[in-house]
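Student: Quick one: the structure is below, and I'll ask about it shortly.
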2 protein chains.
Amino acid sequence: MRELRTAEILAVGSELLTAHRLDTNSLFLTGRLNELGIDVRTKAVVGDDRGDLGAVLRDALARADLVVTSGGLGPTEDDLTREAVAEVLDLALDEDADVLASIRARFARRGFPMPERNRRQAFVPRGATVLPNANGTAPGLWIEAGERILILLPGPPRELQTIFETHAAPRLEARAPGQRLRRRVLKLTGRAESQVDEVAQPIYTPLTQNPVPIQTTILATPGQIELHLSARGTDVAAMDEALDAGVTQLAAALSPAVFSVDGRSLELVVGDLLNEKKWTIAVAESCTGGLVLGRLTEVPGSSAWVIGGVVAYANDVKLRQLGVAAPLLEEHGAVSEPVARAMAEGVAAALGADIGVAVTGIAGPSGGSDAKPVGTVVIAVAGAIDGVRTFRFLGDRQMVRLQSVAAALDLVRRKTSEVVLRKT
Amino acid sequence: MRELRTAEILAVGSELLTAHRLDTNSLFLTGRLNELGIDVRTKAVVGDDRGDLGAVLRDALARADLVVTSGGLGPTEDDLTREAVAEVLDLALDEDADVLASIRARFARRGFPMPERNRRQAFVPRGATVLPNANGTAPGLWIEAGERILILLPGPPRELQTIFETHAAPRLEARAPGQRLRRRVLKLTGRAESQVDEVAQPIYTPLTQNPVPIQTTILATPGQIELHLSARGTDVAAMDEALDAGVTQLAAALSPAVFSVDGRSLELVVGDLLNEKKWTIAVAESCTGGLVLGRLTEVPGSSAWVIGGVVAYANDVKLRQLGVAAPLLEEHGAVSEPVARAMAEGVAAALGADIGVAVTGIAGPSGGSDAKPVGTVVIAVAGAIDGVRTFRFLGDRQMVRLQSVAAALDLVRRKTSEVVLRKT
């Protein structure tokens, strides 16, 4: 039996060929196929057109050991994946009594008769194996075409993922090369991509020469950088060991910018630290307008450590709600270290939190000056921890805001973990 | 000269074949090609592998009148698009003295000598037209292969978009069919996709039978639905007239859920209404944790109408900062219409705003009860406008929060526009 080494992913649907939608199923499929040791060599998107679909399918089957399609299995006349596959592989389409019964049963459970058009979903290319769909009407299909495998999955992500995990992955496992992919992720903030690359390069160049070679990738988003390390092979224990050694080296070289090596988000790391200290937090935000609190409260259960906060967009709010002294504002301006400190102290006192955090800055596009250009942001923490920093962020309003949010969370993390380290 | 009717887009780069990155350049390219009357029939992603790239290029050129590639034009050995194209089309690669001079000049302006590896970027397939890159070192390339056109563009979006607009679009314009694509977008909130579809279906079915046929698409995201109308043809005035008539019909049928037919976001519509009334706004948020304020302050210049707000995650903050009476909280609970009203009134009074908005609810995953399940959210407005509504949103924590933000902004919009309409 031929080993499956290479795959091509094919997304079907004219809506994926507009200027508004991307095929995101391929990310899930790529991740899972890689874990099974199968390389994704190309991905394609094709519309609901039988000719195009047939041509792209033929090309894909000529290149790859495995082709996985998503979409085009619905009940409407636009859904042509079944027909195109039957044509390309020269297979008859037969109505499958079991599939038909399960579609009827699905409608019956909801108290409806099956619409006649859904009958199309019960047609199966001769010889195909049906992969039952627990969350929808269209089953997946597993087709062996000579030495190649073709898997057809419905487009809705919940249906696609469940069918893949339950029925496709175990079958692929038996046919995939013994190789497995293992991965580690370091998350960092507070450094530019080029700075991280400069530090990491001398470390990860030798890693690629390891007995267990390690591949590395940098992914940068505003306010966050991820270093992905991956190893491919058969000896999972050796791969894990090599990856952990790489993570340790990189974390040491890039400390304290690394905030997580276990997948946790920055807000979750902050929450875990606060939980550990049994501290509560309150936030005073100006230019970030609520986004720091928005990210902290993304964490389920954050009500245990987030008290709340004040968004002080108008100076008046800084005076009245946060108790910032008017002369301080007049002397230093709203975007200044003394005012940021006063805001952090003020919000902690007003809301009765252990830690106060303040963000004040100029997100742009207007409001900048020579002394304080757009991108100038001051962040302060007060209460159980203490600190203030002035940043000059680059980029547009959105970029400045996102970088400010990450910098605020990171200042809390660094100052809190210093205390956690010092006291334990 | 053959008219360009069909296109295939090809993104090159192994990072686009990971489980973490999508090719987003294709959205821009699709939108612009469609406007030029050129159909995008398929899209593909291929890694930095000369064999795969050659195979996919050959297939694309066999199918489409126009192939546009992005990426793989950098200075490293992984960047293989030039070489693969030269091989597939059997063209020699020549060093272009002008391109080399402009790359050298670019480095010189930054005070560096050109690294030797960048010399690769000066190689041009014989007969190709160079499309200068104002923002980077790799120029775009326009290659005529018989009756087909191949355009190679660098991957960074800013470089790709500028080269396309400046140099590729005008050339395509001359070769594209006389057809143009015109588009309108209606944005709605507060209705389910299926409800919108039910109302819109009887209207847009006849639109497809128009003398100028109109295509429609629904795009749904949490808290927002977009109806896209497009027409393709040569008579731009007739197309615009037909589209405007369609927009008018749909807006009337779906009013008041439609908040914009001119591209504006919900927060911008709210801001424009507040500007018009010269009203200021303050927000008290519980389950949305700052995201309503975060969205309002995304609008540049929002400091003219956003005073600020209070994120009252702990009940204590509702009492102390917002002046919600303790008996009210005890009697009705934090997620109740009386408390939401009191929060809206409290935040307007405390911050001195014309309008107060309050959001209180249960985003989950825990905290729900039989009477108030996860997804129960109460929204109130007070001050110059007045209203309160209780919602039961479906979905996970993130979905509930995003729908709550949209519902809060929408309640402000509806109540404010009632006043605007009544008084003018």
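Identifiers in the structure tokens: chain A, B, ... in order shown; residue index from 1 per chain; ligand index from 1 in order shown.
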So that I can see what lies close to segment 197-211 of chain A, please list as a list in words the residues with an atom at most 9 Å from it, counting only C-alpha atoms and leaving out residues fewer than 5 positions away in the same chain.

Tutor: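 Close residues of segment 197-211 of chain A: Ala192, Thr216, Ile218, Ala242, Gly246, Gln249, Leu250, Ala253 and Leu254 of chain A.
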
Student: Pull C-alpha atoms from the residues just selected and write them as a CSV table (one decimal), in the first residue's frame.

Tutor:
```csv
chain,number,residue,atom,x,y,z
A,192,ALA,CA,10.6,44.2,16.9
A,216,THR,CA,11.7,27.6,12.8
A,218,ILE,CA,8.6,33.8,12.9
A,242,ALA,CA,15.2,18.4,21.0
A,246,GLY,CA,15.5,24.7,21.6
A,249,GLN,CA,17.8,28.2,24.7
A,250,LEU,CA,15.6,30.7,22.8
A,253,ALA,CA,18.2,34.4,25.0
A,254,LEU,CA,15.0,36.4,24.5
```

Student: Run DSSP on the backbone and tell me which residues of segment 6-234 of chain A come out as strand (DSSP E); list them as a PyMOL selection string.

Tutor: chain A and resi 6-12+39-46+66-70+93-95+123-125+129-131+140-145+148-153+180-188+214-221+224-233

Student: Got a sec to pull out which chain B residues are within 7 Å of chain A, counting only C-alpha atoms, and send them as a ChimeraX atom specification?

Tutor: /B:17-20,27-28,30-31,40-47,288-291,293-294,297,300,303,306-314,317,351,365

Student: Please save C-alpha atoms of the selected residues as a PDB file, in the first residue's frame.

Tutor:
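Output contents, as saved in result-v8.pdb:
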```pdb
ATOM      1  CA  LEU B  17       1.098  26.562   3.423  1.00  0.00           C
ATOM      2  CA  THR B  18       1.307  26.438   7.226  1.00  0.00           C
ATOM      3  CA  ALA B  19      -1.638  26.142   9.577  1.00  0.00           C
ATOM      4  CA  HIS B  20      -1.171  29.810  10.561  1.00  0.00           C
ATOM      5  CA  LEU B  27      -8.730  39.504  -1.813  1.00  0.00           C
ATOM      6  CA  PHE B  28      -7.313  42.790  -3.098  1.00  0.00           C
ATOM      7  CA  THR B  30      -9.864  39.675  -6.859  1.00  0.00           C
ATOM      8  CA  GLY B  31     -11.643  42.918  -6.060  1.00  0.00           C
ATOM      9  CA  VAL B  40     -11.188  35.092 -11.114  1.00  0.00           C
ATOM     10  CA  ARG B  41     -11.791  31.388 -11.821  1.00  0.00           C
ATOM     11  CA  THR B  42      -9.393  29.763  -9.360  1.00  0.00           C
ATOM     12  CA  LYS B  43      -6.836  30.712  -6.730  1.00  0.00           C
ATOM     13  CA  ALA B  44      -3.907  28.636  -5.600  1.00  0.00           C
ATOM     14  CA  VAL B  45      -1.146  28.684  -3.019  1.00  0.00           C
ATOM     15  CA  VAL B  46       2.157  26.961  -3.631  1.00  0.00           C
ATOM     16  CA  GLY B  47       5.334  26.663  -1.543  1.00  0.00           C
ATOM     17  CA  THR B 288     -18.531  43.552  27.035  1.00  0.00           C
ATOM     18  CA  GLY B 289     -15.637  44.709  29.234  1.00  0.00           C
ATOM     19  CA  GLY B 290     -14.696  47.836  27.266  1.00  0.00           C
ATOM     20  CA  LEU B 291     -15.377  46.652  23.727  1.00  0.00           C
ATOM     21  CA  LEU B 293     -15.882  51.981  23.937  1.00  0.00           C
ATOM     22  CA  GLY B 294     -13.121  50.251  22.010  1.00  0.00           C
ATOM     23  CA  THR B 297     -12.914  55.088  19.764  1.00  0.00           C
ATOM     24  CA  PRO B 300     -10.537  58.949  14.176  1.00  0.00           C
ATOM     25  CA  SER B 303     -12.774  62.419  21.068  1.00  0.00           C
ATOM     26  CA  VAL B 306     -16.851  60.173  23.293  1.00  0.00           C
ATOM     27  CA  ILE B 307     -16.433  61.373  26.875  1.00  0.00           C
ATOM     28  CA  GLY B 308     -15.402  57.984  28.183  1.00  0.00           C
ATOM     29  CA  GLY B 309     -16.917  55.324  30.351  1.00  0.00           C
ATOM     30  CA  VAL B 310     -16.779  52.888  33.185  1.00  0.00           C
ATOM     31  CA  VAL B 311     -16.166  49.184  32.923  1.00  0.00           C
ATOM     32  CA  ALA B 312     -18.074  47.790  35.859  1.00  0.00           C
ATOM     33  CA  TYR B 313     -17.043  44.167  36.024  1.00  0.00           C
ATOM     34  CA  ALA B 314     -17.458  43.947  39.804  1.00  0.00           C
ATOM     35  CA  VAL B 317     -18.115  49.402  40.732  1.00  0.00           C
ATOM     36  CA  LEU B 351     -19.158  61.700  33.334  1.00  0.00           C
ATOM     37  CA  PRO B 365     -19.170  30.084  29.722  1.00  0.00           C
TER      38      PRO B 365
END
```

Student: Check the smallest atom-to-atom distance from each of B:Leu131, B:Leu150, B:Ala344, B:Val377 to Arg58 of chain B using only C-alpha atoms, then report the winner.

Tutor: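 The answer is B:Leu150, which sits nearest to Arg58 of chain B.
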
Student: What does the structure give for the distance between atom CA of Arg82 of chain A and atom CA of Leu141 of chain A, in Å to one decimal?

Tutor: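 Separation of atom CA of Arg82 of chain A and atom CA of Leu141 of chain A: 9.1 Å.
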
Student: Which residues are close to Gly71 of chain A, i.e. within 8 Å by only C-alpha atoms, leaving aside same-chain residues fewer than 5 positions away? Reply as an mmCIF file with N, CA and C atoms, in the first residue's frame.

Tutor:
```cif
data_model
loop_
_atom_site.group_PDB
_atom_site.id
_atom_site.type_symbol
_atom_site.label_atom_id
_atom_site.label_comp_id
_atom_site.auth_asym_id
_atom_site.auth_seq_id
_atom_site.Cartn_x
_atom_site.Cartn_y
_atom_site.Cartn_z
ATOM 1 N N ALA A 11 -10.607 23.911 -1.884
ATOM 2 C CA ALA A 11 -11.843 24.470 -1.338
ATOM 3 C C ALA A 11 -12.772 24.822 -2.495
ATOM 4 N N VAL A 12 -14.028 24.411 -2.383
ATOM 5 C CA VAL A 12 -14.989 24.587 -3.473
ATOM 6 C C VAL A 12 -16.074 25.569 -3.067
ATOM 7 N N GLY A 13 -16.336 26.575 -3.880
ATOM 8 C CA GLY A 13 -17.423 27.508 -3.579
ATOM 9 C C GLY A 13 -17.158 28.878 -4.172
ATOM 10 N N ASP A 79 -24.096 22.882 -5.896
ATOM 11 C CA ASP A 79 -23.175 21.987 -5.197
ATOM 12 C C ASP A 79 -22.806 20.830 -6.104
ATOM 13 N N THR A 81 -19.567 19.080 -6.225
ATOM 14 C CA THR A 81 -18.357 18.302 -5.961
ATOM 15 C C THR A 81 -18.560 16.815 -6.257
ATOM 16 N N LEU A 152 -13.715 13.850 0.458
ATOM 17 C CA LEU A 152 -14.627 14.984 0.245
ATOM 18 C C LEU A 152 -15.288 15.318 1.581
ATOM 19 N N LEU A 153 -15.191 16.583 1.983
ATOM 20 C CA LEU A 153 -15.789 17.005 3.258
ATOM 21 C C LEU A 153 -16.724 18.188 3.014
ATOM 22 N N PRO A 154 -17.799 18.300 3.819
ATOM 23 C CA PRO A 154 -18.680 19.467 3.687
ATOM 24 C C PRO A 154 -17.977 20.727 4.171
ATOM 25 N N GLY A 155 -18.439 21.901 3.727
ATOM 26 C CA GLY A 155 -17.774 23.165 4.023
ATOM 27 C C GLY A 155 -17.922 23.721 5.429
ATOM 28 N N PRO A 156 -19.086 23.565 6.097
ATOM 29 C CA PRO A 156 -19.203 24.186 7.426
ATOM 30 C C PRO A 156 -18.134 23.636 8.373
#
```

Student: Assign secondary structure with DSSP using the backbone only, and return the residues of segment 71-216 of chain A in alpha helix (DSSP H) as a VMD selection string.

Tutor: chain A and resid 81 to 89 97 to 109 157 to 163 169 to 175 193 to 208

Student: Kindly save the residues from that selection, with N, CA and C atoms included, as a short mmCIF file (atom, residue, chain, number, x, y, z; two decimals), in the first residue's frame.

Tutor:
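Generated output (again18.cif):
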```cif
data_model
loop_
_atom_site.label_atom_id
_atom_site.label_comp_id
_atom_site.auth_asym_id
_atom_site.auth_seq_id
_atom_site.Cartn_x
_atom_site.Cartn_y
_atom_site.Cartn_z
N THR A 81 -19.57 19.08 -6.22
CA THR A 81 -18.36 18.30 -5.96
C THR A 81 -18.56 16.81 -6.26
N ARG A 82 -19.68 16.26 -5.75
CA ARG A 82 -19.96 14.83 -6.02
C ARG A 82 -19.92 14.51 -7.51
N GLU A 83 -20.64 15.33 -8.30
CA GLU A 83 -20.75 15.07 -9.73
C GLU A 83 -19.39 15.21 -10.41
N ALA A 84 -18.62 16.25 -10.04
CA ALA A 84 -17.33 16.48 -10.69
C ALA A 84 -16.38 15.32 -10.38
N VAL A 85 -16.38 14.85 -9.15
CA VAL A 85 -15.50 13.74 -8.77
C VAL A 85 -15.89 12.48 -9.53
N ALA A 86 -17.21 12.20 -9.58
CA ALA A 86 -17.66 11.01 -10.30
C ALA A 86 -17.21 11.06 -11.75
N GLU A 87 -17.29 12.24 -12.34
CA GLU A 87 -16.90 12.38 -13.74
C GLU A 87 -15.40 12.19 -13.92
N VAL A 88 -14.61 12.88 -13.07
CA VAL A 88 -13.15 12.80 -13.21
C VAL A 88 -12.66 11.37 -13.01
N LEU A 89 -13.24 10.66 -12.04
CA LEU A 89 -12.77 9.30 -11.75
C LEU A 89 -13.57 8.24 -12.52
N ALA A 97 -29.03 4.05 0.31
CA ALA A 97 -30.24 3.96 1.13
C ALA A 97 -29.97 4.38 2.58
N ASP A 98 -28.80 3.99 3.12
CA ASP A 98 -28.50 4.34 4.51
C ASP A 98 -28.33 5.84 4.67
N VAL A 99 -27.62 6.45 3.73
CA VAL A 99 -27.43 7.90 3.81
C VAL A 99 -28.78 8.60 3.71
N LEU A 100 -29.60 8.16 2.77
CA LEU A 100 -30.93 8.76 2.60
C LEU A 100 -31.73 8.65 3.90
N ALA A 101 -31.69 7.46 4.51
CA ALA A 101 -32.44 7.25 5.76
C ALA A 101 -31.93 8.19 6.85
N SER A 102 -30.62 8.40 6.91
CA SER A 102 -30.10 9.24 7.99
C SER A 102 -30.41 10.72 7.73
N ILE A 103 -30.48 11.13 6.48
CA ILE A 103 -30.89 12.52 6.19
C ILE A 103 -32.36 12.70 6.56
N ARG A 104 -33.20 11.74 6.16
CA ARG A 104 -34.63 11.80 6.54
C ARG A 104 -34.79 11.86 8.06
N ALA A 105 -34.01 11.04 8.77
CA ALA A 105 -34.12 10.98 10.23
C ALA A 105 -33.73 12.32 10.85
N ARG A 106 -32.71 12.95 10.25
CA ARG A 106 -32.25 14.24 10.77
C ARG A 106 -33.36 15.29 10.67
N PHE A 107 -34.05 15.32 9.52
CA PHE A 107 -35.17 16.27 9.38
C PHE A 107 -36.30 15.90 10.32
N ALA A 108 -36.59 14.59 10.44
CA ALA A 108 -37.69 14.14 11.29
C ALA A 108 -37.48 14.58 12.74
N ARG A 109 -36.23 14.50 13.20
CA ARG A 109 -35.95 14.92 14.58
C ARG A 109 -36.32 16.37 14.81
N PRO A 157 -17.34 24.53 9.00
CA PRO A 157 -16.18 24.10 9.77
C PRO A 157 -16.49 23.05 10.84
N ARG A 158 -17.63 23.19 11.51
CA ARG A 158 -17.95 22.26 12.59
C ARG A 158 -18.17 20.85 12.00
N GLU A 159 -18.84 20.78 10.87
CA GLU A 159 -19.07 19.49 10.23
C GLU A 159 -17.76 18.90 9.71
N LEU A 160 -17.01 19.75 9.01
CA LEU A 160 -15.74 19.30 8.42
C LEU A 160 -14.79 18.78 9.50
N GLN A 161 -14.67 19.54 10.59
CA GLN A 161 -13.68 19.16 11.61
C GLN A 161 -14.08 17.87 12.31
N THR A 162 -15.38 17.74 12.61
CA THR A 162 -15.82 16.53 13.32
C THR A 162 -15.66 15.30 12.44
N ILE A 163 -16.05 15.40 11.18
CA ILE A 163 -15.89 14.25 10.28
C ILE A 163 -14.42 13.90 10.14
N ALA A 169 -9.19 11.01 10.08
CA ALA A 169 -7.86 10.94 10.70
C ALA A 169 -7.45 9.50 11.04
N PRO A 170 -8.34 8.68 11.64
CA PRO A 170 -7.91 7.30 11.96
C PRO A 170 -7.53 6.51 10.72
N ARG A 171 -8.26 6.71 9.61
CA ARG A 171 -7.91 6.00 8.38
C ARG A 171 -6.60 6.50 7.81
N LEU A 172 -6.37 7.83 7.91
CA LEU A 172 -5.12 8.38 7.39
C LEU A 172 -3.94 7.90 8.22
N GLU A 173 -4.16 7.85 9.51
CA GLU A 173 -3.11 7.41 10.43
C GLU A 173 -2.53 6.07 9.97
N ALA A 174 -3.42 5.16 9.56
CA ALA A 174 -2.98 3.83 9.14
C ALA A 174 -2.17 3.90 7.84
N ARG A 175 -2.41 4.94 7.04
CA ARG A 175 -1.76 5.01 5.73
C ARG A 175 -0.62 6.02 5.68
N GLU A 193 10.34 42.49 15.17
CA GLU A 193 10.62 41.21 14.51
C GLU A 193 12.11 41.08 14.17
N SER A 194 12.69 42.19 13.69
CA SER A 194 14.09 42.12 13.27
C SER A 194 15.01 41.90 14.48
N GLN A 195 14.65 42.50 15.63
CA GLN A 195 15.46 42.28 16.84
C GLN A 195 15.40 40.83 17.28
N VAL A 196 14.18 40.27 17.23
CA VAL A 196 14.02 38.87 17.63
C VAL A 196 14.81 37.98 16.69
N ASP A 197 14.72 38.28 15.40
CA ASP A 197 15.41 37.47 14.40
C ASP A 197 16.92 37.51 14.63
N GLU A 198 17.43 38.70 14.95
CA GLU A 198 18.87 38.85 15.15
C GLU A 198 19.36 37.99 16.32
N VAL A 199 18.58 37.98 17.41
CA VAL A 199 18.96 37.18 18.57
C VAL A 199 18.76 35.69 18.29
N ALA A 200 17.66 35.37 17.60
CA ALA A 200 17.29 33.95 17.45
C ALA A 200 18.12 33.25 16.38
N GLN A 201 18.53 34.00 15.34
CA GLN A 201 19.23 33.40 14.19
C GLN A 201 20.41 32.51 14.61
N PRO A 202 21.36 33.03 15.45
CA PRO A 202 22.51 32.20 15.82
C PRO A 202 22.11 30.96 16.60
N ILE A 203 20.92 31.00 17.22
CA ILE A 203 20.47 29.81 17.95
C ILE A 203 19.81 28.83 17.02
N TYR A 204 18.92 29.33 16.14
CA TYR A 204 18.21 28.33 15.37
C TYR A 204 18.90 27.84 14.11
N THR A 205 19.96 28.52 13.70
CA THR A 205 20.73 27.94 12.60
C THR A 205 21.31 26.57 12.99
N PRO A 206 22.02 26.46 14.15
CA PRO A 206 22.47 25.10 14.54
C PRO A 206 21.33 24.11 14.76
N LEU A 207 20.16 24.61 15.19
CA LEU A 207 19.04 23.67 15.42
C LEU A 207 18.65 22.92 14.15
N THR A 208 18.82 23.59 13.00
CA THR A 208 18.45 22.91 11.75
C THR A 208 19.46 21.80 11.43
#
```

Student: Suppose you want the space between atom CA of Arg148 of chain B and atom CA of Asp65 of chain B; what is it in Å?

Tutor: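 Distance between the two atoms: 5.0 Å.
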